[in-house]
$ cat query34.pdb   # PDB, C-alpha atoms
ATOM      1  CA  MET M  63     110.138 141.598 111.505
ATOM      2  CA  LEU M  64     107.491 139.624 113.396
ATOM      3  CA  PRO M  65     107.961 138.806 117.067
ATOM      4  CA  ALA M  66     109.939 135.561 117.214
ATOM      5  CA  ASP M  67     107.241 133.562 119.018
ATOM      6  CA  ASN M  68     104.758 134.204 116.266
ATOM      7  CA  LYS M  69     107.035 134.001 113.265
ATOM      8  CA  ASN M  70     106.933 130.272 112.724
ATOM      9  CA  SER M  71     103.621 129.400 114.259
ATOM     10  CA  ARG M  72     101.313 131.486 112.055
ATOM     11  CA  HIS M  73     101.005 133.541 108.924
ATOM     12  CA  ALA M  74     101.579 137.282 108.903
ATOM     13  CA  PRO M  75      98.910 138.971 111.009
ATOM     14  CA  LEU M  76      95.952 140.446 109.184
ATOM     15  CA  VAL M  77      95.641 144.172 109.772
ATOM     16  CA  LEU M  78      92.835 146.557 108.943
ATOM     17  CA  LEU M  79      94.275 150.004 108.259
ATOM     18  CA  HIS M  80      91.627 152.676 107.957
ATOM     19  CA  GLU M  81      93.192 156.016 107.074
ATOM     20  CA  ARG M  82      92.225 158.798 104.686
ATOM     21  CA  GLU M  83      95.806 159.987 104.120
ATOM     22  CA  PHE M  84      96.886 158.246 100.923
ATOM     23  CA  MET M  85     100.629 158.195 101.572
ATOM     24  CA  VAL M  86     100.291 156.752 105.067
ATOM     25  CA  ARG M  87      97.859 154.096 103.883
ATOM     26  CA  LYS M  88      99.771 153.035 100.791
ATOM     27  CA  THR M  89     103.249 153.231 102.263
ATOM     28  CA  PHE M  90     102.419 151.267 105.397
ATOM     29  CA  GLY M  91     100.555 148.658 103.338
ATOM     30  CA  LEU M  92     103.491 148.211 100.987
ATOM     31  CA  PHE M  93     106.082 148.309 103.784
ATOM     32  CA  ALA M  94     104.192 145.711 105.836
ATOM     33  CA  SER M  95     103.831 143.435 102.848
ATOM     34  CA  GLU M  96     107.463 143.767 101.709
ATOM     35  CA  THR M  97     108.824 143.019 105.173
ATOM     36  CA  ASN M  98     106.274 140.290 105.999
ATOM     37  CA  LEU M  99     105.249 142.400 108.955
ATOM     38  CA  ALA M 100     101.567 141.984 108.180
ATOM     39  CA  GLU M 101      98.985 141.590 105.479
ATOM     40  CA  VAL M 102      97.201 144.922 105.367
ATOM     41  CA  ILE M 103      93.670 145.560 104.165
ATOM     42  CA  GLU M 104      93.315 149.288 103.520
ATOM     43  CA  THR M 105      90.211 151.449 103.645
ATOM     44  CA  SER M 106      89.747 155.184 103.304
ATOM     45  CA  GLU M 107      86.017 155.405 104.095
ATOM     46  CA  ILE M 108      84.530 154.382 107.437
ATOM     47  CA  ARG M 109      81.725 152.561 105.610
ATOM     48  CA  GLN M 110      84.307 150.365 103.868
ATOM     49  CA  ALA M 111      85.992 149.694 107.209
ATOM     50  CA  LYS M 112      82.685 148.474 108.672
ATOM     51  CA  ILE M 113      82.144 146.192 105.680
ATOM     52  CA  LYS M 114      85.644 144.698 106.052
ATOM     53  CA  LEU M 115      85.140 144.195 109.789
ATOM     54  CA  SER M 116      81.893 142.368 109.164
ATOM     55  CA  ALA M 117      83.498 140.167 106.514
ATOM     56  CA  GLN M 118      86.553 138.795 108.336
ATOM     57  CA  PRO M 119      88.411 138.826 111.643
ATOM     58  CA  PHE M 120      91.545 140.987 112.002
ATOM     59  CA  ASP M 121      94.546 140.548 114.301
ATOM     60  CA  VAL M 122      95.237 144.270 114.681
ATOM     61  CA  ILE M 123      93.173 147.321 113.738
ATOM     62  CA  ILE M 124      94.753 150.684 112.932
ATOM     63  CA  LEU M 125      92.181 153.428 112.822
ATOM     64  CA  GLY M 126      92.846 156.919 111.507
ATOM     65  CA  PHE M 127      90.378 159.452 112.908
ATOM     66  CA  ASP M 128      88.673 162.268 111.031
ATOM     67  CA  ALA M 129      85.252 162.625 112.563
ATOM     68  CA  TRP M 130      85.441 161.525 116.193
ATOM     69  CA  LEU M 131      81.957 160.035 116.570
ATOM     70  CA  GLU M 132      82.075 157.669 113.602
ATOM     71  CA  GLU M 133      85.396 156.135 114.600
ATOM     72  CA  ILE M 134      84.459 155.874 118.272
ATOM     73  CA  HIS M 135      81.261 154.131 117.262
ATOM     74  CA  LEU M 136      83.273 151.684 115.202
ATOM     75  CA  ILE M 137      85.524 150.894 118.192
ATOM     76  CA  GLN M 138      82.431 150.386 120.337
ATOM     77  CA  LEU M 139      81.077 147.912 117.793
ATOM     78  CA  ILE M 140      84.353 145.973 117.941
ATOM     79  CA  ARG M 141      84.494 145.969 121.745
ATOM     80  CA  ASP M 142      80.829 144.929 121.969
ATOM     81  CA  ASN M 143      81.657 141.875 119.900
ATOM     82  CA  MET M 144      79.568 143.104 116.980
ATOM     83  CA  THR M 145      82.269 142.363 114.384
ATOM     84  CA  LEU M 146      84.087 139.196 113.437
ATOM     85  CA  SER M 147      87.340 140.308 115.092
ATOM     86  CA  ASP M 148      88.048 139.262 118.670
ATOM     87  CA  LYS M 149      86.568 141.921 120.941
ATOM     88  CA  ASN M 150      89.996 142.319 122.576
ATOM     89  CA  VAL M 151      91.746 142.888 119.245
ATOM     90  CA  PRO M 152      94.539 145.483 119.617
ATOM     91  CA  ILE M 153      93.437 148.877 118.285
ATOM     92  CA  ILE M 154      95.862 151.635 117.346
ATOM     93  CA  THR M 155      94.388 155.071 116.735
ATOM     94  CA  ILE M 156      95.824 157.914 114.672
ATOM     95  CA  LEU M 157      94.332 161.262 115.647
ATOM     96  CA  PRO M 158      94.802 164.861 114.479
ATOM     97  CA  ASN M 159      94.675 165.947 118.149
ATOM     98  CA  VAL M 160      93.320 164.623 121.409
ATOM     99  CA  THR M 161      91.886 166.025 124.623
ATOM    100  CA  THR M 162      92.176 164.549 128.114
ATOM    101  CA  ASN M 163      88.511 163.537 127.994
ATOM    102  CA  GLN M 164      89.062 161.819 124.688
ATOM    103  CA  ILE M 165      92.056 159.942 126.083
ATOM    104  CA  ASP M 166      89.837 158.738 128.936
ATOM    105  CA  GLU M 167      87.197 157.638 126.459
ATOM    106  CA  LEU M 168      89.780 155.730 124.405
ATOM    107  CA  LYS M 169      91.147 154.144 127.596
ATOM    108  CA  GLN M 170      87.692 152.921 128.510
ATOM    109  CA  LEU M 171      87.493 151.294 125.098
ATOM    110  CA  SER M 172      90.868 149.595 125.739
ATOM    111  CA  VAL M 173      92.589 151.318 122.832
ATOM    112  CA  ASN M 174      96.225 150.227 122.847
ATOM    113  CA  GLU M 175      98.031 153.206 121.297
ATOM    114  CA  ILE M 176      97.356 156.778 120.257
ATOM    115  CA  ILE M 177      99.508 158.284 117.507
ATOM    116  CA  LEU M 178      99.156 161.960 116.698
ATOM    117  CA  LYS M 179      98.998 163.110 113.070
ATOM    118  CA  PRO M 180     100.955 163.597 110.941
ATOM    119  CA  ALA M 181     102.028 159.992 111.441
ATOM    120  CA  ARG M 182     105.320 158.506 110.374
ATOM    121  CA  ILE M 183     105.399 154.925 109.086
ATOM    122  CA  LYS M 184     108.132 154.017 111.580
ATOM    123  CA  THR M 185     105.886 155.244 114.424
ATOM    124  CA  ILE M 186     102.991 153.127 113.214
ATOM    125  CA  GLN M 187     105.345 150.160 112.833
ATOM    126  CA  LYS M 188     106.547 150.560 116.407
ATOM    127  CA  ALA M 189     102.981 150.851 117.717
ATOM    128  CA  PHE M 190     102.023 147.811 115.692
ATOM    129  CA  MET M 191     104.884 145.775 117.138
ATOM    130  CA  ASN M 192     103.922 146.822 120.694
ATOM    131  CA  SER M 193     100.301 145.909 120.119
ATOM    132  CA  TYR M 194     101.048 142.683 118.331
ATOM    133  CA  LYS M 195     103.210 141.516 121.233
ATOM    134  CA  GLN M 196     100.170 141.971 123.472
ATOM    135  CA  LEU M 197      97.972 139.707 121.349
ATOM    136  CA  GLY M 198      96.164 137.246 123.598
ATOM    137  CA  MET M 199      97.164 139.178 126.704
ATOM    138  CA  PRO M 200      94.627 141.008 128.878
ATOM    139  CA  PRO M 201      94.277 144.712 128.018
ATOM    140  CA  THR M 202      96.353 147.051 130.195
ATOM    141  CA  ASN M 203      95.202 150.258 131.779
ATOM    142  CA  SER M 204      98.022 152.398 130.378
ATOM    143  CA  LEU M 205      97.714 154.347 127.144
ATOM    144  CA  ASN M 206     100.601 156.113 125.433
ATOM    145  CA  VAL M 207     100.104 159.163 123.264
ATOM    146  CA  VAL M 208     102.848 159.266 120.660
ATOM    147  CA  ASN M 209     103.626 162.498 118.869
ATOM    148  CA  THR M 210     105.262 161.356 115.671
TER     149      THR M 210
ATOM    150  CA  MET R  71     135.983 163.203  93.407
ATOM    151  CA  ILE R  72     135.349 160.001  91.506
ATOM    152  CA  ILE R  73     133.082 160.218  88.483
ATOM    153  CA  ALA R  74     130.685 157.291  88.323
ATOM    154  CA  LYS R  75     131.379 154.786  85.595
ATOM    155  CA  LEU R  76     128.662 154.083  83.081
ATOM    156  CA  PRO R  77     126.416 151.091  83.783
ATOM    157  CA  ASP R  78     127.151 148.061  81.582
ATOM    158  CA  ASN R  79     123.696 148.355  80.014
ATOM    159  CA  GLU R  80     123.920 152.127  79.470
ATOM    160  CA  LYS R  81     122.497 152.145  75.930
ATOM    161  CA  LYS R  82     119.578 149.967  76.880
ATOM    162  CA  ARG R  83     119.114 151.960  80.069
ATOM    163  CA  LEU R  84     118.950 155.275  78.225
ATOM    164  CA  LYS R  85     116.501 153.841  75.731
ATOM    165  CA  ALA R  86     114.271 152.604  78.554
ATOM    166  CA  LEU R  87     114.448 156.042  80.177
ATOM    167  CA  LYS R  88     113.485 157.819  76.947
ATOM    168  CA  ASN R  89     110.630 155.371  76.427
ATOM    169  CA  LEU R  90     109.107 156.507  79.690
ATOM    170  CA  LEU R  91     108.428 159.868  77.970
ATOM    171  CA  ILE R  92     108.905 161.629  81.273
ATOM    172  CA  LEU R  93     112.069 163.713  80.829
ATOM    173  CA  ASP R  94     111.402 167.460  80.879
ATOM    174  CA  THR R  95     107.737 167.038  81.755
ATOM    175  CA  ALA R  96     106.015 169.257  84.318
ATOM    176  CA  PRO R  97     105.940 168.442  88.035
ATOM    177  CA  GLU R  98     103.159 166.038  89.006
ATOM    178  CA  ASP R  99     101.468 165.508  92.332
ATOM    179  CA  ARG R 100     101.749 161.722  92.073
ATOM    180  CA  PHE R 101     105.536 162.083  92.398
ATOM    181  CA  ASP R 102     105.597 165.201  94.564
ATOM    182  CA  ARG R 103     103.484 163.578  97.271
ATOM    183  CA  ILE R 104     106.072 160.817  97.545
ATOM    184  CA  THR R 105     109.039 163.186  97.883
ATOM    185  CA  LYS R 106     107.127 165.384 100.347
ATOM    186  CA  PHE R 107     106.269 162.340 102.433
ATOM    187  CA  ALA R 108     109.876 161.114 102.265
ATOM    188  CA  CYS R 109     111.122 164.446 103.682
ATOM    189  CA  PHE R 110     108.656 164.141 106.543
ATOM    190  CA  GLU R 111     109.207 160.435 107.209
ATOM    191  CA  PHE R 112     112.997 160.695 107.317
ATOM    192  CA  ASN R 113     113.160 164.238 108.670
ATOM    193  CA  VAL R 114     115.462 165.431 105.886
ATOM    194  CA  PRO R 115     115.356 168.814 104.108
ATOM    195  CA  ILE R 116     115.645 167.489 100.550
ATOM    196  CA  ALA R 117     114.087 164.529  98.735
ATOM    197  CA  LEU R 118     113.973 164.010  95.014
ATOM    198  CA  VAL R 119     113.130 161.734  92.138
ATOM    199  CA  SER R 120     116.212 161.935  89.955
ATOM    200  CA  LEU R 121     116.454 160.480  86.465
ATOM    201  CA  ILE R 122     119.910 159.877  85.015
ATOM    202  CA  ASP R 123     119.996 161.062  81.416
ATOM    203  CA  LYS R 124     123.023 160.829  79.098
ATOM    204  CA  ASP R 125     124.879 163.869  80.459
ATOM    205  CA  ARG R 126     122.690 165.165  83.263
ATOM    206  CA  GLN R 127     120.534 164.161  86.160
ATOM    207  CA  TRP R 128     117.071 165.650  85.840
ATOM    208  CA  PHE R 129     114.641 165.932  88.720
ATOM    209  CA  LYS R 130     111.077 164.877  88.086
ATOM    210  CA  SER R 131     110.235 165.872  91.638
ATOM    211  CA  ILE R 132     112.223 167.818  94.192
ATOM    212  CA  VAL R 133     111.397 169.097  97.660
ATOM    213  CA  GLY R 134     113.749 171.454  99.457
ATOM    214  CA  SER R 135     115.560 172.957  96.465
ATOM    215  CA  ASP R 136     114.770 174.849  93.262
ATOM    216  CA  VAL R 137     117.397 173.107  91.144
ATOM    217  CA  CYS R 138     115.909 171.059  88.306
ATOM    218  CA  SER R 139     119.038 169.329  87.000
ATOM    219  CA  THR R 140     122.806 168.973  87.445
ATOM    220  CA  SER R 141     125.651 167.594  85.414
ATOM    221  CA  ARG R 142     125.829 163.791  85.552
ATOM    222  CA  ASP R 143     129.525 164.009  86.451
ATOM    223  CA  ILE R 144     128.788 165.361  89.914
ATOM    224  CA  ALA R 145     125.596 163.395  90.547
ATOM    225  CA  PHE R 146     125.531 161.116  93.593
ATOM    226  CA  CYS R 147     122.648 159.340  91.867
ATOM    227  CA  ALA R 148     124.925 158.353  88.971
ATOM    228  CA  HIS R 149     126.772 156.221  91.541
ATOM    229  CA  ALA R 150     123.575 154.954  93.139
ATOM    230  CA  ILE R 151     122.222 153.479  89.894
ATOM    231  CA  LEU R 152     125.300 151.256  89.677
ATOM    232  CA  GLU R 153     124.074 149.362  92.733
ATOM    233  CA  GLU R 154     121.048 147.165  93.142
ATOM    234  CA  ASN R 155     120.508 148.155  96.767
ATOM    235  CA  ILE R 156     120.062 151.507  98.427
ATOM    236  CA  MET R 157     123.299 153.503  98.468
ATOM    237  CA  VAL R 158     123.886 155.335 101.734
ATOM    238  CA  VAL R 159     126.592 157.975 102.220
ATOM    239  CA  GLU R 160     126.466 158.874 105.896
ATOM    240  CA  ASP R 161     129.039 161.664 105.657
ATOM    241  CA  ALA R 162     130.049 162.778 102.170
ATOM    242  CA  THR R 163     133.117 164.615 103.496
ATOM    243  CA  LYS R 164     134.559 161.246 104.513
ATOM    244  CA  ASP R 165     133.755 159.392 101.287
ATOM    245  CA  GLU R 166     136.499 159.300  98.647
ATOM    246  CA  ARG R 167     133.916 159.472  95.854
ATOM    247  CA  PHE R 168     132.364 162.694  97.100
ATOM    248  CA  PHE R 169     134.556 164.592  99.601
ATOM    249  CA  ASP R 170     135.579 167.229  97.024
ATOM    250  CA  ASN R 171     132.388 167.091  94.955
ATOM    251  CA  PRO R 172     131.065 170.619  94.162
ATOM    252  CA  LEU R 173     127.755 169.658  95.786
ATOM    253  CA  VAL R 174     129.664 168.898  98.997
ATOM    254  CA  ILE R 175     132.182 171.746  99.145
ATOM    255  CA  SER R 176     129.676 174.390  98.025
ATOM    256  CA  GLU R 177     125.888 174.820  97.914
ATOM    257  CA  PRO R 178     123.961 172.758  98.917
ATOM    258  CA  PHE R 179     126.787 171.332 101.096
ATOM    259  CA  ILE R 180     125.521 167.768 100.986
ATOM    260  CA  ARG R 181     126.598 165.644 103.926
ATOM    261  CA  PHE R 182     124.116 162.769 103.957
ATOM    262  CA  TYR R 183     122.778 160.993 100.896
ATOM    263  CA  ALA R 184     120.584 157.890 100.523
ATOM    264  CA  GLY R 185     119.578 156.852  97.014
ATOM    265  CA  ALA R 186     117.194 154.010  96.211
ATOM    266  CA  PRO R 187     117.642 152.944  92.572
ATOM    267  CA  LEU R 188     114.508 153.033  90.441
ATOM    268  CA  ALA R 189     114.678 149.713  88.621
ATOM    269  CA  LEU R 190     112.083 149.215  85.912
ATOM    270  CA  PRO R 191     110.421 145.786  85.647
ATOM    271  CA  SER R 192     112.759 145.141  82.698
ATOM    272  CA  GLY R 193     115.746 145.716  85.013
ATOM    273  CA  GLU R 194     117.143 149.064  83.890
ATOM    274  CA  ARG R 195     117.906 151.457  86.742
ATOM    275  CA  VAL R 196     116.788 154.803  85.335
ATOM    276  CA  GLY R 197     117.279 156.968  88.400
ATOM    277  CA  THR R 198     116.769 157.153  92.138
ATOM    278  CA  LEU R 199     114.468 158.253  94.877
ATOM    279  CA  CYS R 200     116.908 159.954  97.172
ATOM    280  CA  LEU R 201     117.197 161.739 100.479
ATOM    281  CA  ILE R 202     119.698 164.516 101.179
ATOM    282  CA  ASP R 203     120.674 166.208 104.425
ATOM    283  CA  TYR R 204     123.055 169.038 105.300
ATOM    284  CA  LYS R 205     124.286 167.073 108.303
ATOM    285  CA  HIS R 206     125.547 163.519 108.539
ATOM    286  CA  ASN R 207     122.823 161.004 109.118
ATOM    287  CA  THR R 208     122.110 157.294 108.983
ATOM    288  CA  LEU R 209     119.296 154.867 108.147
ATOM    289  CA  ASN R 210     118.377 151.785 110.156
ATOM    290  CA  ASP R 211     116.799 148.629 108.738
ATOM    291  CA  VAL R 212     113.250 149.893 109.163
ATOM    292  CA  ASP R 213     114.173 153.170 107.420
ATOM    293  CA  MET R 214     115.711 151.245 104.545
ATOM    294  CA  SER R 215     112.559 149.164 104.137
ATOM    295  CA  ILE R 216     110.355 152.254 104.193
ATOM    296  CA  LEU R 217     112.554 153.988 101.606
ATOM    297  CA  SER R 218     112.403 150.863  99.491
ATOM    298  CA  SER R 219     108.597 150.891  99.669
ATOM    299  CA  LEU R 220     108.527 154.538  98.586
ATOM    300  CA  ARG R 221     110.906 153.677  95.745
ATOM    301  CA  LYS R 222     108.460 151.016  94.564
ATOM    302  CA  MET R 223     105.676 153.564  94.539
ATOM    303  CA  VAL R 224     107.786 155.822  92.302
ATOM    304  CA  VAL R 225     108.539 152.959  89.906
ATOM    305  CA  ALA R 226     104.841 152.052  89.790
ATOM    306  CA  GLU R 227     104.056 155.641  88.774
ATOM    307  CA  LEU R 228     106.789 155.692  86.127
ATOM    308  CA  VAL R 229     105.538 152.486  84.577
ATOM    309  CA  LEU R 230     101.856 153.407  84.864
ATOM    310  CA  LYS R 231     102.382 156.601  82.900
ATOM    311  CA  ASN R 232     104.277 154.652  80.297
ATOM    312  CA  LYS R 233     101.491 152.093  79.953
ATOM    313  CA  ILE R 234      98.823 154.752  79.550
ATOM    314  CA  LYS R 235     100.776 156.496  76.830
TER     315      LYS R 235
END

$ encode --input "query34.pdb" --output "structure tokens"
Amino acid sequence: MLPADNKNSRHAPLVLLHEREFMVRKTFGLFASETNLAEVIETSEIRQAKIKLSAQPFDVIILGFDAWLEEIHLIQLIRDNMTLSDKNVPIITILPNVTTNQIDELKQLSVNEIILKPARIKTIQKAFMNSYKQLGMPPTNSLNVVNT
Amino acid sequence: MIIAKLPDNEKKRLKALKNLLILDTAPEDRFDRITKFACFEFNVPIALVSLIDKDRQWFKSIVGSDVCSTSRDIAFCAHAILEENIMVVEDATKDERFFDNPLVISEPFIRFYAGAPLALPSGERVGTLCLIDYKHNTLNDVDMSILSSLRKMVVAELVLKNKIK
């Protein structure tokens, strides 16, 4: 299930999935592991996510939003090179809703994808594949909002 | 209609099912959240955790219907537990096993069925996590993998409960 170029040259990408919704977290983690899509480290509290990000680098970060400020701050930390992950690491966000101003703010932080809640696993998988293909490529200026 | 044959390990299978101590227990959120999520993920009206008892299929969890059991003779899931992989019936009216099944020609008028066998670590397939739709449908490879992951979550819950008891 990995892009062909990456399949043989490296292990499954390491993904941080921060999401409060149990079924989304557990199902994506299990699905990614079973299909060798990715190795997923799951967190349900933003504090845990910060600890994980300060402990190891991730290839892709999937961030479920609850309180806007905390999650935005976390993305700022990543983009300011304050975590171990590459500051250009692809970031996929999962939001309950989003305003035009918020989309602009996420664009400025080079967020790769926005998925609206409730999120389907297949939607997250597709966003992951899109983002993973862009690994090592310069961030683009376009930002899709996907209603799952 | 073709009635499903009994699995070769039927006695052992029934014993394993009874040992789970789950038949005729009350609904539980740990199963219901999986069936609810399955309905959403696959956009189907009905999802259930079905356990195949000696003469009936009994639903530990069901979303989209109030039925709690049916005769084993008419159960799609009785066919699904004969296979190791997920059994998909895209259009039941065109399947010789089911075209004149009472569940197809009358309420709930099943057209689409996908059943993922619930295989215990010891190998017995005690039931299924299944999806049902009133219109024909299909699953792609990603869908199949997601359903398989959900099936594993159901098995983990079945076994966990058994261990605690």

$ closest_residue --input "query34.pdb" --among "R:Cys109, R:Ala189, R:Val229, R:Leu93" --to "chain M" --atoms "all atoms listed in the file"
R:Cys109

$ residues_around --input "query34.pdb" --residues "R:Thr105" --least-positions-apart "4" --cutoff "8 Å" --atoms "only C-alpha atoms" --output "number ranges by chain"
R: 101, 109, 117-119, 131-133, 199

$ closest_residue --input "query34.pdb" --among "M:Ala74, M:Ile177, M:Leu168, M:Ala94" --to "M:Trp130" --atoms "all atoms listed in the file"
M:Leu168

$ closest_atom_pairs --input "query34.pdb" --of "stretch 147-185 of chain R" --to "stretch 220-228 of chain R" --cutoff "12 Å" --atoms "all atoms listed in the file" --output "tab-separated table"
residue	atom	partner	partner_atom	distance
R:Asn155	CA	R:Arg221	CA	11.1
R:Ile156	CA	R:Arg221	CA	9.8
R:Ala184	CA	R:Arg221	CA	11.6
R:Gly185	CA	R:Arg221	CA	9.3

$ atom_distance --input "query34.pdb" --atom1 "atom CA of M:Val151" --atom2 "atom CA of M:Ala181"
21.4 Å

$ atom_distance --input "query34.pdb" --atom1 "atom CA of R:Gln127" --atom2 "atom CA of M:Met85"
25.9 Å

$ residues_around --input "query34.pdb" --residues "M:Glu104" --least-positions-apart "2" --cutoff "9 Å" --atoms "all atoms listed in the file" --output "list in words"
Val77, Leu78, Leu79, His80, Glu81, Arg87, Lys88, Gly91, Val102, Ser106 and Ala111 of chain M

$ resolve_selection --input "query34.pdb" --expression "the PyMOL selection byres ((chain M) within 6 of (chain R))" --output "VMD selection string"
chain M and resid 92 to 93 182

$ atom_distance --input "query34.pdb" --atom1 "atom CA of R:Ile180" --atom2 "atom CA of R:Tyr204"
5.1 Å

$ resolve_selection --input "query34.pdb" --expression "the PyMOL selection byres ((chain M and resi 158-161) around 9)" --output "PyMOL selection string"
chain M and resi 126-128+156-157+162-166+176-180+207

$ resolve_selection --input "query34.pdb" --expression "the PyMOL selection byres ((chain M and resi 154) around 8)" --output "PDB file with C-alpha atoms, in the frame of the given file"
ATOM      1  CA  VAL M 122      95.237 144.270 114.681  1.00  0.00           C
ATOM      2  CA  ILE M 123      93.173 147.321 113.738  1.00  0.00           C
ATOM      3  CA  ILE M 124      94.753 150.684 112.932  1.00  0.00           C
ATOM      4  CA  LEU M 125      92.181 153.428 112.822  1.00  0.00           C
ATOM      5  CA  PRO M 152      94.539 145.483 119.617  1.00  0.00           C
ATOM      6  CA  ILE M 153      93.437 148.877 118.285  1.00  0.00           C
ATOM      7  CA  THR M 155      94.388 155.071 116.735  1.00  0.00           C
ATOM      8  CA  ILE M 156      95.824 157.914 114.672  1.00  0.00           C
ATOM      9  CA  VAL M 173      92.589 151.318 122.832  1.00  0.00           C
ATOM     10  CA  ASN M 174      96.225 150.227 122.847  1.00  0.00           C
ATOM     11  CA  GLU M 175      98.031 153.206 121.297  1.00  0.00           C
ATOM     12  CA  ILE M 176      97.356 156.778 120.257  1.00  0.00           C
ATOM     13  CA  ILE M 177      99.508 158.284 117.507  1.00  0.00           C
ATOM     14  CA  ALA M 189     102.981 150.851 117.717  1.00  0.00           C
ATOM     15  CA  PHE M 190     102.023 147.811 115.692  1.00  0.00           C
ATOM     16  CA  SER M 193     100.301 145.909 120.119  1.00  0.00           C
TER      17      SER M 193
END

$ residues_around --input "query34.pdb" --residues "R:Ala74" --least-positions-apart "2" --cutoff "7 Å" --atoms "only C-alpha atoms" --output "number ranges by chain"
R: 72, 76, 148-149

$ closest_residue --input "query34.pdb" --among "R:Glu80, R:Met71, R:Lys124, R:Thr140" --to "R:Lys164" --atoms "only C-alpha atoms"
R:Met71

$ residues_near_point --input "query34.pdb" --point "(78.0, 153.9, 112.7)" --cutoff "12 Å" --atoms "all atoms listed in the file" --output "ChimeraX atom specification"
/M:107-113,129-140,144

$ residues_around --input "query34.pdb" --residues "R:Ala150" --least-positions-apart "4" --cutoff "12 Å" --atoms "all atoms listed in the file" --output "PyMOL selection string"
chain R and resi 73-77+120-122+127+142+145-146+154-159+167+183-189+195-201
